[in-house]
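The next block is run.cif, given as mmCIF, C-alpha atoms.
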```cif
data_work
#
loop_
_atom_site.label_atom_id
_atom_site.label_comp_id
_atom_site.auth_asym_id
_atom_site.auth_seq_id
_atom_site.Cartn_x
_atom_site.Cartn_y
_atom_site.Cartn_z
CA MET A 1 16.60 -25.48 10.76
CA THR A 2 16.03 -27.07 7.36
CA PRO A 3 16.11 -24.89 4.26
CA LEU A 4 12.41 -25.51 3.67
CA GLU A 5 11.59 -23.52 6.79
CA ASP A 6 12.84 -20.39 5.03
CA ASP A 7 9.95 -18.83 3.11
CA ASN A 8 12.23 -17.47 0.38
CA ILE A 9 13.82 -20.84 -0.26
CA LEU A 10 10.49 -22.64 -0.11
CA GLU A 11 9.07 -20.23 -2.65
CA GLN A 12 11.99 -20.82 -5.00
CA ILE A 13 11.18 -24.53 -4.88
CA LEU A 14 7.43 -24.20 -5.26
CA LEU A 15 7.85 -21.83 -8.21
CA ARG A 16 9.53 -24.70 -10.02
CA LEU A 17 6.71 -27.17 -9.63
CA LEU A 18 5.11 -28.41 -12.82
CA THR A 19 2.40 -26.35 -14.44
CA CYS A 20 -0.02 -29.26 -14.86
CA PRO A 21 -3.30 -28.54 -13.03
CA SER A 22 -2.83 -31.18 -10.30
CA SER A 23 0.60 -29.91 -9.31
CA LEU A 24 -0.23 -26.91 -7.13
CA PRO A 25 -3.30 -28.42 -5.40
CA ARG A 26 -1.25 -31.45 -4.35
CA ALA A 27 1.56 -29.33 -2.95
CA ALA A 28 -0.91 -27.00 -1.25
CA ALA A 29 -2.31 -29.97 0.68
CA VAL A 30 1.08 -30.72 2.25
CA CYS A 31 0.70 -28.29 5.15
CA LYS A 32 -0.84 -25.01 6.18
CA ARG A 33 2.35 -23.04 5.59
CA TRP A 34 2.70 -24.23 2.02
CA ARG A 35 -0.97 -23.53 1.43
CA ARG A 36 -0.64 -19.99 2.77
CA LEU A 37 2.38 -19.26 0.59
CA MET A 38 0.84 -20.71 -2.56
CA SER A 39 -2.49 -18.93 -2.16
CA ASP A 40 -0.74 -15.56 -2.08
CA PRO A 41 -1.52 -13.67 -5.32
CA HIS A 42 2.13 -12.59 -5.51
CA PHE A 43 3.16 -16.22 -5.63
CA ARG A 44 0.63 -16.92 -8.36
CA ARG A 45 1.99 -14.02 -10.37
CA ARG A 46 5.58 -15.16 -9.96
CA PHE A 47 4.60 -18.73 -10.82
CA ARG A 48 3.09 -17.58 -14.11
CA ALA A 49 6.08 -15.36 -14.83
CA HIS A 50 8.51 -18.18 -14.09
CA HIS A 51 6.85 -20.64 -16.42
CA ARG A 52 5.80 -18.12 -19.08
CA GLU A 53 3.95 -20.67 -21.24
CA PRO A 54 0.64 -21.62 -19.62
CA PRO A 55 -0.44 -25.21 -20.23
CA LEU A 56 -3.25 -25.92 -22.66
CA LEU A 57 -5.99 -27.32 -20.44
CA GLY A 58 -8.50 -28.25 -23.08
CA ILE A 59 -10.77 -26.93 -25.72
CA PHE A 60 -14.28 -25.62 -26.02
CA LEU A 61 -16.38 -27.47 -28.54
CA ARG A 62 -19.80 -26.59 -29.77
CA PRO A 63 -21.52 -29.68 -31.04
CA ILE A 64 -24.33 -28.99 -33.46
CA GLY A 65 -27.46 -28.01 -31.62
CA MET A 66 -25.73 -27.65 -28.25
CA GLY A 67 -23.99 -24.98 -26.22
CA HIS A 68 -20.24 -24.95 -25.73
CA VAL A 69 -18.73 -27.84 -23.80
CA PHE A 70 -15.29 -27.94 -22.25
CA HIS A 71 -13.21 -30.93 -23.21
CA SER A 72 -9.99 -31.55 -21.27
CA ILE A 73 -7.10 -32.84 -23.33
CA LEU A 74 -5.04 -33.89 -20.29
CA ASP A 75 -4.84 -37.10 -18.26
CA PRO A 76 -7.68 -37.65 -15.75
CA THR A 77 -5.50 -36.42 -12.87
CA ASP A 78 -5.08 -33.10 -14.61
CA ALA A 79 -8.54 -32.88 -16.11
CA ILE A 80 -10.15 -29.95 -14.35
CA PRO A 81 -13.85 -30.71 -13.90
CA LEU A 82 -16.35 -28.37 -15.43
CA LYS A 83 -17.67 -27.21 -12.07
CA ARG A 84 -14.30 -25.57 -11.33
CA PHE A 85 -14.98 -23.05 -14.07
CA SER A 86 -16.98 -20.63 -12.00
CA PHE A 87 -17.79 -18.53 -15.05
CA TRP A 88 -19.46 -21.43 -16.73
CA ALA A 89 -22.94 -20.74 -15.44
CA HIS A 90 -22.91 -17.45 -17.35
CA HIS A 91 -21.08 -18.69 -20.36
CA ASP A 92 -23.95 -19.21 -22.75
CA ALA A 93 -25.33 -15.81 -21.96
CA ALA A 94 -22.04 -14.10 -22.42
CA ASP A 95 -19.82 -15.68 -25.02
CA VAL A 96 -21.12 -14.55 -28.36
CA VAL A 97 -24.62 -13.49 -29.07
CA ILE A 98 -25.83 -15.88 -31.68
CA ASP A 99 -28.95 -15.93 -33.67
CA ARG A 100 -29.57 -19.62 -33.37
CA GLU A 101 -31.54 -19.93 -36.55
CA LEU A 102 -29.11 -18.18 -38.77
CA GLN A 103 -26.04 -19.19 -36.80
CA LYS A 104 -25.01 -15.59 -37.02
CA CYS A 105 -22.58 -14.00 -34.65
CA LEU A 106 -23.88 -10.48 -34.11
CA GLU A 107 -21.60 -9.38 -31.31
CA PHE A 108 -18.65 -10.88 -29.59
CA ILE A 109 -17.62 -10.58 -25.98
CA VAL A 110 -14.07 -11.16 -24.87
CA TRP A 111 -14.16 -12.35 -21.31
CA ASP A 112 -11.30 -12.95 -18.94
CA PRO A 113 -12.70 -15.51 -16.49
CA VAL A 114 -9.95 -14.74 -13.98
CA THR A 115 -10.48 -11.00 -13.66
CA GLY A 116 -14.07 -10.89 -14.91
CA ASN A 117 -13.14 -8.13 -17.38
CA ARG A 118 -15.33 -8.00 -20.46
CA ARG A 119 -15.14 -6.15 -23.71
CA CYS A 120 -17.92 -6.17 -26.28
CA ALA A 121 -17.95 -5.15 -29.92
CA ALA A 122 -20.36 -5.53 -32.79
CA VAL A 123 -19.25 -7.50 -35.80
CA PRO A 124 -19.03 -5.59 -39.08
CA PRO A 125 -22.05 -5.48 -41.41
CA GLU A 126 -20.46 -7.81 -43.99
CA PHE A 127 -20.79 -10.58 -41.42
CA GLU A 128 -24.54 -10.45 -41.75
CA ASN A 129 -24.12 -12.04 -45.13
CA LYS A 130 -26.26 -15.14 -44.93
CA ASP A 131 -23.66 -17.15 -46.75
CA MET A 132 -20.94 -16.73 -44.10
CA PHE A 133 -20.78 -19.18 -41.24
CA PHE A 134 -18.49 -18.93 -38.26
CA ASN A 135 -16.60 -21.98 -37.23
CA ASN A 136 -14.34 -20.78 -34.47
CA SER A 137 -12.67 -17.80 -32.90
CA ALA A 138 -9.74 -17.04 -30.68
CA VAL A 139 -8.36 -14.18 -28.67
CA LEU A 140 -4.72 -13.29 -29.06
CA CYS A 141 -2.79 -11.09 -26.72
CA ALA A 142 -1.54 -8.16 -28.75
CA ALA A 143 1.47 -7.34 -26.59
CA GLY A 144 4.56 -7.41 -28.76
CA ASP A 145 7.08 -7.03 -25.95
CA GLN A 146 9.46 -9.99 -25.82
CA SER A 147 9.50 -9.99 -22.02
CA HIS A 148 5.74 -10.07 -21.84
CA VAL A 149 4.28 -13.03 -19.96
CA HIS A 150 1.06 -14.28 -21.50
CA SER A 151 -1.81 -14.75 -19.08
CA GLY A 152 0.21 -13.27 -16.25
CA GLU A 153 0.44 -9.80 -17.67
CA CYS A 154 -1.97 -9.82 -20.58
CA ASP A 155 -3.90 -6.63 -20.79
CA THR A 156 -7.55 -7.36 -21.49
CA ASN A 157 -7.73 -4.00 -23.26
CA HIS A 158 -4.99 -4.94 -25.71
CA PHE A 159 -5.91 -7.95 -27.75
CA GLN A 160 -6.90 -9.25 -31.16
CA VAL A 161 -9.81 -11.49 -32.02
CA VAL A 162 -9.50 -13.89 -34.92
CA LEU A 163 -12.70 -15.24 -36.40
CA ILE A 164 -12.67 -17.98 -38.96
CA GLY A 165 -15.49 -19.56 -40.83
CA CYS A 166 -16.55 -20.63 -44.24
CA PHE A 167 -18.83 -19.49 -46.98
CA GLY A 168 -22.14 -21.24 -47.37
CA ASP A 169 -21.19 -23.39 -50.31
CA GLY A 170 -18.23 -24.73 -48.34
CA THR A 171 -15.68 -23.93 -51.02
CA GLU A 172 -13.87 -21.14 -49.22
CA TRP A 173 -12.76 -20.29 -45.69
CA PHE A 174 -12.38 -16.78 -44.44
CA ARG A 175 -10.73 -15.11 -41.54
CA CYS A 176 -11.01 -11.66 -40.08
CA VAL A 177 -8.99 -10.03 -37.32
CA TYR A 178 -10.25 -7.43 -34.85
CA SER A 179 -7.89 -5.13 -33.01
CA SER A 180 -8.91 -3.73 -29.64
CA VAL A 181 -6.48 -0.88 -30.16
CA THR A 182 -8.14 0.46 -33.29
CA GLY A 183 -11.56 -0.94 -32.37
CA GLU A 184 -11.93 -2.09 -35.96
CA TRP A 185 -12.00 -5.25 -38.01
CA GLY A 186 -9.40 -5.79 -40.67
CA ASP A 187 -10.13 -6.97 -44.17
CA ILE A 188 -11.77 -10.34 -44.65
CA SER A 189 -9.39 -12.70 -46.38
CA SER A 190 -10.30 -16.05 -47.77
CA THR A 191 -8.80 -19.17 -49.22
CA ALA A 192 -10.04 -22.33 -50.89
CA THR A 193 -11.19 -25.03 -48.50
CA PRO A 194 -8.62 -27.77 -48.02
CA GLY A 195 -10.05 -30.98 -49.39
CA ILE A 196 -10.44 -32.86 -46.13
CA TYR A 197 -12.52 -30.17 -44.44
CA ASN A 198 -16.08 -29.26 -44.76
CA MET A 199 -18.05 -26.48 -43.16
CA ARG A 200 -19.06 -28.61 -40.18
CA THR A 201 -15.53 -29.66 -39.30
CA PRO A 202 -14.63 -28.33 -35.87
CA VAL A 203 -11.43 -26.37 -36.02
CA PHE A 204 -8.75 -25.71 -33.48
CA LEU A 205 -7.18 -22.34 -33.50
CA LYS A 206 -3.50 -22.88 -33.04
CA LEU A 207 -2.26 -19.63 -31.65
CA THR A 208 0.93 -18.53 -33.28
CA PRO A 209 2.28 -14.99 -33.21
CA THR A 210 2.34 -14.77 -36.97
CA TYR A 211 -0.92 -16.37 -37.79
CA ASP A 212 -1.44 -17.66 -41.21
CA LEU A 213 -4.83 -18.99 -42.13
CA PHE A 214 -3.67 -22.53 -42.62
CA SER A 215 -1.74 -22.68 -39.39
CA PHE A 216 -5.12 -22.70 -37.68
CA PHE A 217 -6.30 -25.92 -39.18
CA ILE A 218 -5.84 -29.01 -37.10
CA SER A 219 -8.35 -31.74 -37.60
CA ILE A 220 -9.95 -33.31 -34.53
CA MET B 1 48.97 -2.38 -29.63
CA ALA B 2 49.11 -4.01 -26.25
CA ALA B 3 47.25 -7.22 -25.79
CA PRO B 4 43.93 -6.77 -24.04
CA GLU B 5 44.48 -6.77 -20.32
CA SER B 6 43.07 -9.65 -18.42
CA GLY B 7 40.18 -8.56 -16.25
CA ASP B 8 41.48 -10.78 -13.51
CA GLY B 9 44.69 -9.08 -12.60
CA ASN B 10 48.29 -8.50 -13.59
CA ASN B 11 50.30 -10.23 -16.26
CA GLY B 12 47.39 -12.39 -17.36
CA ALA B 13 47.56 -14.49 -14.18
CA ALA B 14 44.15 -15.11 -12.69
CA ARG B 15 43.64 -13.38 -9.41
CA MET B 16 43.14 -15.79 -6.53
CA VAL B 17 41.21 -15.34 -3.31
CA THR B 18 41.08 -17.44 -0.18
CA LEU B 19 37.84 -18.55 1.45
CA ILE B 20 37.79 -19.98 4.97
CA SER B 21 35.08 -22.47 5.92
CA SER B 22 33.41 -22.63 9.33
CA ASP B 23 35.78 -25.45 10.31
CA ASN B 24 38.80 -23.34 9.35
CA THR B 25 39.72 -25.03 6.09
CA ARG B 26 41.21 -22.63 3.58
CA PHE B 27 40.21 -22.79 -0.09
CA GLU B 28 42.14 -20.88 -2.71
CA VAL B 29 40.06 -20.21 -5.77
CA GLU B 30 40.02 -17.86 -8.74
CA ALA B 31 38.31 -14.58 -7.95
CA ALA B 32 36.14 -15.00 -11.04
CA ALA B 33 34.70 -18.25 -9.66
CA ALA B 34 34.16 -16.91 -6.14
CA SER B 35 32.48 -13.84 -7.63
CA LEU B 36 29.54 -15.94 -8.74
CA SER B 37 28.52 -15.33 -5.15
CA GLN B 38 26.82 -11.96 -4.93
CA THR B 39 27.72 -11.93 -1.24
CA LEU B 40 31.44 -12.31 -1.96
CA GLN B 41 31.54 -10.19 -5.09
CA LEU B 42 31.68 -6.81 -3.34
CA THR B 43 34.39 -7.93 -0.94
CA ILE B 44 36.43 -9.27 -3.84
CA LEU B 45 35.91 -6.11 -5.90
CA ASP B 46 37.18 -4.14 -2.91
CA GLY B 47 40.37 -6.19 -3.08
CA GLY B 48 39.54 -8.46 -0.14
CA GLY B 49 40.29 -12.15 0.19
CA GLY B 50 43.78 -11.99 -1.26
CA GLY B 51 47.10 -12.81 0.31
CA GLY B 52 47.02 -14.24 3.80
CA ASP B 53 43.73 -12.64 4.78
CA GLY B 54 41.06 -14.88 3.37
CA ILE B 55 37.30 -14.36 3.66
CA PRO B 56 35.73 -16.24 6.57
CA LEU B 57 32.45 -18.03 5.84
CA PRO B 58 31.14 -18.97 9.29
CA ASN B 59 27.93 -20.50 7.91
CA VAL B 60 29.50 -22.93 5.43
CA ASP B 61 31.44 -26.06 6.42
CA SER B 62 34.33 -27.35 4.35
CA ALA B 63 32.46 -30.26 2.72
CA THR B 64 29.73 -27.92 1.51
CA LEU B 65 32.13 -25.17 0.48
CA SER B 66 34.13 -27.67 -1.53
CA LYS B 67 30.98 -28.66 -3.37
CA VAL B 68 29.91 -25.05 -3.89
CA LEU B 69 33.29 -24.16 -5.36
CA GLU B 70 33.13 -27.14 -7.68
CA TYR B 71 29.97 -25.57 -9.10
CA CYS B 72 31.46 -22.08 -9.27
CA ILE B 73 34.64 -23.20 -11.03
CA LYS B 74 32.62 -25.07 -13.63
CA HIS B 75 30.24 -22.20 -14.27
CA ALA B 76 32.68 -19.28 -14.02
CA PRO B 77 33.77 -19.24 -17.68
CA ALA B 78 30.19 -19.10 -18.95
CA ALA B 79 29.27 -16.46 -16.35
CA ALA B 80 32.28 -14.34 -17.35
CA ASN B 81 31.00 -14.48 -20.89
CA GLY B 82 27.76 -12.76 -19.91
CA GLY B 83 25.84 -15.99 -19.48
CA ALA B 84 27.61 -17.35 -22.56
CA PRO B 85 25.19 -16.20 -25.25
CA ASN B 86 27.67 -17.46 -27.84
CA ALA B 87 28.24 -20.79 -26.15
CA THR B 88 27.98 -23.75 -28.44
CA ALA B 89 25.31 -26.36 -28.01
CA VAL B 90 28.08 -28.71 -26.91
CA ASP B 91 29.14 -26.31 -24.14
CA ARG B 92 25.60 -25.92 -22.95
CA ALA B 93 24.97 -29.65 -23.03
CA GLU B 94 28.14 -30.22 -21.03
CA LEU B 95 27.05 -27.73 -18.35
CA GLU B 96 23.63 -29.35 -18.24
CA ARG B 97 25.18 -32.78 -17.84
CA PHE B 98 27.40 -31.43 -15.08
CA ASP B 99 24.41 -29.84 -13.30
CA ASN B 100 22.39 -33.05 -13.42
CA GLU B 101 25.25 -35.04 -11.97
CA PHE B 102 26.04 -32.32 -9.46
CA VAL B 103 22.68 -32.53 -7.69
CA ASN B 104 22.59 -36.31 -7.75
CA ILE B 105 23.43 -36.32 -4.04
CA ASP B 106 22.09 -37.26 -0.61
CA GLN B 107 19.32 -35.12 0.74
CA SER B 108 21.42 -33.86 3.67
CA VAL B 109 24.13 -32.67 1.27
CA LEU B 110 21.45 -31.11 -0.94
CA TYR B 111 20.00 -29.24 2.02
CA SER B 112 23.44 -27.94 3.01
CA LEU B 113 23.95 -26.79 -0.56
CA ILE B 114 20.61 -25.01 -0.58
CA MET B 115 21.53 -23.08 2.55
CA ALA B 116 25.00 -22.24 1.22
CA ALA B 117 23.68 -21.16 -2.19
CA HIS B 118 21.17 -18.96 -0.40
CA ASN B 119 23.66 -17.44 2.05
CA LEU B 120 26.23 -16.83 -0.65
CA GLU B 121 23.59 -15.69 -3.15
CA ILE B 122 24.78 -17.80 -6.06
CA GLU B 123 21.86 -17.41 -8.40
CA GLY B 124 22.49 -20.31 -10.75
CA LEU B 125 23.09 -22.73 -7.89
CA GLN B 126 20.00 -21.50 -6.03
CA SER B 127 17.95 -22.22 -9.11
CA LEU B 128 19.56 -25.62 -9.66
CA VAL B 129 18.97 -26.91 -6.12
CA ALA B 130 15.44 -25.53 -5.97
CA LYS B 131 14.65 -27.32 -9.23
CA LYS B 132 16.09 -30.52 -7.79
CA VAL B 133 13.74 -30.41 -4.79
CA ALA B 134 10.79 -29.55 -7.04
CA ASP B 135 11.66 -32.56 -9.20
CA MET B 136 11.83 -34.78 -6.11
CA ILE B 137 8.19 -34.05 -5.26
CA LYS B 138 6.64 -33.86 -8.72
CA GLY B 139 3.77 -36.26 -9.32
CA LYS B 140 3.63 -37.23 -5.64
CA SER B 141 0.66 -37.16 -3.29
CA PRO B 142 0.76 -34.72 -0.35
CA MET B 143 1.66 -37.53 2.05
CA GLU B 144 4.41 -38.79 -0.25
CA ILE B 145 5.77 -35.25 -0.48
CA ARG B 146 5.89 -35.01 3.31
CA ARG B 147 7.75 -38.31 3.57
CA THR B 148 10.15 -37.43 0.76
CA LEU B 149 11.10 -34.20 2.48
CA GLY B 150 11.31 -35.72 5.94
CA PHE B 151 8.31 -33.97 7.45
CA PRO B 152 6.99 -35.50 10.69
CA ASP B 153 3.70 -37.38 10.47
CA PRO B 154 0.81 -34.91 10.46
CA THR B 155 -1.08 -34.27 13.69
CA PRO B 156 -4.77 -35.28 13.64
CA GLU B 157 -5.63 -31.62 13.06
CA GLU B 158 -3.21 -31.35 10.14
CA GLN B 159 -4.48 -34.63 8.74
CA ALA B 160 -8.05 -33.32 8.84
CA GLU B 161 -7.00 -30.19 6.98
CA MET B 162 -5.15 -32.24 4.38
CA ASN B 163 -8.18 -34.45 3.90
CA ALA B 164 -10.47 -31.46 3.48
CA HIS B 165 -8.16 -29.92 0.91
CA MET B 166 -7.81 -33.20 -0.99
CA LEU B 167 -11.57 -33.62 -1.00
CA GLU B 168 -12.00 -30.19 -2.54
CA TYR B 169 -9.46 -30.99 -5.24
CA GLY B 170 -10.41 -34.65 -5.57
CA TRP B 171 -9.93 -34.62 -9.34
CA ALA B 172 -6.22 -33.95 -8.82
CA TYR B 173 -5.83 -37.34 -7.16
CA GLU B 174 -7.73 -39.56 -9.55
#
```
Represent the structure contained in this file as structure tokens.
Amino acid sequence: MTPLEDDNILEQILLRLLTCPSSLPRAAAVCKRWRRLMSDPHFRRRFRAHHREPPLLGIFLRPIGMGHVFHSILDPTDAIPLKRFSFWAHHDAADVVIDRELQKCLEFIVWDPVTGNRRCAAVPPEFENKDMFFNNSAVLCAAGDQSHVHSGECDTNHFQVVLIGCFGDGTEWFRCVYSSVTGEWGDISSTATPGIYNMRTPVFLKLTPTYDLFSFFISI
Amino acid sequence: MAAPESGDGNNGAARMVTLISSDNTRFEVEAAAASLSQTLQLTILDGGGGGGDGIPLPNVDSATLSKVLEYCIKHAPAAANGGAPNATAVDRAELERFDNEFVNIDQSVLYSLIMAAHNLEIEGLQSLVAKKVADMIKGKSPMEIRRTLGFPDPTPEEQAEMNAHMLEYGWAYE
């Protein structure tokens, strides 16, 4: 008997495979037994817990006049094609409800494409100010526990939403943070626009636990 | 005040235990090193393995046990220090260098080590050898993985299943 015939040992090995998207599909093609073990939800959970940091697969961009598009930032082998995102067909209907003419975000929906859980909330009245334009948003897990594993254990009822955008004259950016725990938006804070940006510059949200407005800005 | 008593035994001398491989070779080793094995730890705590008795390990041959003990002896000081939270970067780098060298071995030896680490429940070693196998197959195609690990050629039925799976995840092979 080789060690790989022992399910416990095999699992210990497979848990240590790379997190890049091509890694598990390739290993799962090796044989039926590997496929069975790796498709077990318990394995998936342990895999996420073992690696803790999920890989960044890509970004959603919203070119002017178009819906969101997914753009992989990985090599072609690890570039998950759009059709693998089964939620995509519903995405435009779900994401945020936008008045196309005013580019106003009237309601946001936080959607976990894995579990299908959704949470909706209206944006505060100040956001109806015609001079405020949203540029990007991000969802942060609000769990503060050190042992917490993001994505593996994130509670879709316990999160924060960060919206950033700029004022109409392009001189100032603002951010506002929503807490699912309180169900309320925090104060809107703003800062002068860094010189190299303008209101049409797409913005990445770099997710850091202690988010500072400028830590969000990465030019693309 | 008396000097702190050594946790290992009397008069500061490290307590030794004897392990007996499947081919009847006797290995005398510090109890602290052998205790990295969860399997042996209870026996050792109960006072076993000392003197002329020895602890028989019918599933581990002498070549493998020798290798296992090399690992345990190297890692015992850090383990005794609660995973060495205060270890210096130099200490950690040295252990990492040792680990990398340690698993730079033939596949048959690696497989024997995996079984021994599993039977003896040596957590750090289990993790190390599992990582080594995972590294051996990273970036490889399913067929290359099979060859690397010494799997027999797939039957036509298995081949058809592999092809179907690869077709479904075609992007992962581009």
Exercise. Evaluate the PyMOL selection byres ((chain B) within 8 of (chain A)) here and jot the selected residues down as JSON, numbers by chain.
Key: {"B": [111, 114, 115, 118, 127, 130, 131, 133, 134, 135, 138, 139, 140, 141, 142, 143, 145, 146, 158, 161, 162, 165, 166, 169, 171, 172, 173, 174]}
Practice problem: Might you pull out every residue within 12 Å of Ala116 of chain B, with all atoms listed in the file counted and same-chain residues fewer than 2 positions away left off, and present them as a VMD selection string? | Solution: (chain A and resid 2 to 3 9) or (chain B and resid 21 to 22 37 39 57 to 69 71 109 to 114 118 to 123 125 to 126 129)
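Here the PyMOL selection byres ((chain A and resi 47) around 9) catches exactly these residues: Leu14, Leu15, Arg16, Leu17, Thr19, His42, Phe43, Arg44, Arg45, Arg46, Arg48, Ala49, His50, His51, Arg52 and Gly152 of chain A.
Applied to the file shown here, the PyMOL selection byres ((chain B and resi 55) around 6) selects B:Leu19, B:Ile20, B:Gly49, B:Gly54, B:Pro56.
Atom CA of Met132 of chain A to atom CA of Cys166 of chain A spans 5.9 Å [interatomic distance, one decimal].
Atom CA of Ala78 of chain B is found 28.7 Å from atom CA of Gly52 of chain B.
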Exercise. Would you work out the distance separating atom CA of Pro125 of chain A from atom CA of Arg175 of chain A, expressed in Å to one decimal?
Key: 14.9 Å
Asp46 of chain B: which residues within 12 Å, counting all atoms listed in the file, same-chain residues fewer than 3 positions away excluded, as a PDB file with C-alpha atoms, keeping the file's coordinate frame?
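Result written to out11.pdb:
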```pdb
ATOM      1  CA  VAL B  17      41.210 -15.340  -3.310  1.00  0.00           C
ATOM      2  CA  ALA B  31      38.310 -14.580  -7.950  1.00  0.00           C
ATOM      3  CA  SER B  35      32.480 -13.840  -7.630  1.00  0.00           C
ATOM      4  CA  LEU B  40      31.440 -12.310  -1.960  1.00  0.00           C
ATOM      5  CA  GLN B  41      31.540 -10.190  -5.090  1.00  0.00           C
ATOM      6  CA  LEU B  42      31.680  -6.810  -3.340  1.00  0.00           C
ATOM      7  CA  THR B  43      34.390  -7.930  -0.940  1.00  0.00           C
ATOM      8  CA  GLY B  49      40.290 -12.150   0.190  1.00  0.00           C
ATOM      9  CA  GLY B  50      43.780 -11.990  -1.260  1.00  0.00           C
TER      10      GLY B  50
END
```
Practice problem: Go ahead and find all residues with at least one atom no further than 8 Å from (-11.7, -7.7, -30.6) in the file's coordinates, using all atoms listed in the file; report them as JSON, numbers by chain. | Solution: {"A": [108, 110, 119, 120, 121, 139, 159, 160, 161, 162, 177, 178, 179, 180, 183, 184, 185]}
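With all atoms listed in the file as the atoms that count, the minimum distance from Asp106 of chain B to the choices B:Ala76, B:Ala164, B:Leu36, B:Met136 is reached by B:Met136.
Distances to Ala117 of chain B were evaluated for B:Glu101, B:Gln38, B:Glu96, B:Ala79 using all atoms listed in the file, and the minimum falls at B:Gln38.
Considering all atoms listed in the file, the residue among B:Glu70, B:Glu168, B:Ala93, B:Arg15 positioned nearest to Ile44 of chain B is B:Arg15.
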Segment 57-69 of chain B dumped to file, N, CA, C and O atoms, as a compact mmCIF listing (two decimals), in the first residue's frame:
```txt
# COMPACT_ATOMS: atom_id res chain seq x y z
N LEU B 57 8.37 -0.60 17.59
CA LEU B 57 7.62 0.08 16.52
C LEU B 57 7.56 -0.85 15.30
O LEU B 57 8.37 -0.74 14.38
N PRO B 58 6.62 -1.78 15.32
CA PRO B 58 6.59 -2.84 14.30
C PRO B 58 6.32 -2.34 12.88
O PRO B 58 6.54 -3.06 11.92
N ASN B 59 5.87 -1.08 12.76
CA ASN B 59 5.55 -0.57 11.41
C ASN B 59 6.65 0.29 10.81
O ASN B 59 6.48 0.81 9.71
N VAL B 60 7.74 0.49 11.55
CA VAL B 60 8.78 1.41 11.07
C VAL B 60 10.12 0.70 11.01
O VAL B 60 10.61 0.20 12.04
N ASP B 61 10.73 0.64 9.82
CA ASP B 61 12.04 -0.02 9.71
C ASP B 61 13.15 0.92 10.19
O ASP B 61 12.92 2.12 10.41
N SER B 62 14.34 0.39 10.33
CA SER B 62 15.41 1.16 10.97
C SER B 62 15.83 2.37 10.12
O SER B 62 16.13 3.44 10.65
N ALA B 63 15.86 2.20 8.79
CA ALA B 63 16.28 3.32 7.94
C ALA B 63 15.31 4.48 8.09
O ALA B 63 15.71 5.65 8.21
N THR B 64 14.02 4.16 8.11
CA THR B 64 13.00 5.20 8.23
C THR B 64 13.02 5.81 9.63
O THR B 64 12.95 7.04 9.79
N LEU B 65 13.16 4.94 10.64
CA LEU B 65 13.15 5.45 12.02
C LEU B 65 14.35 6.38 12.25
O LEU B 65 14.22 7.41 12.92
N SER B 66 15.46 6.03 11.66
CA SER B 66 16.65 6.87 11.79
C SER B 66 16.37 8.26 11.24
O SER B 66 16.72 9.29 11.83
N LYS B 67 15.72 8.28 10.09
CA LYS B 67 15.38 9.55 9.43
C LYS B 67 14.35 10.33 10.28
O LYS B 67 14.47 11.55 10.46
N VAL B 68 13.36 9.62 10.78
CA VAL B 68 12.33 10.27 11.60
C VAL B 68 12.97 10.91 12.83
O VAL B 68 12.65 12.05 13.19
N LEU B 69 13.88 10.18 13.45
CA LEU B 69 14.50 10.70 14.67
C LEU B 69 15.41 11.89 14.38
O LEU B 69 15.55 12.79 15.20
```
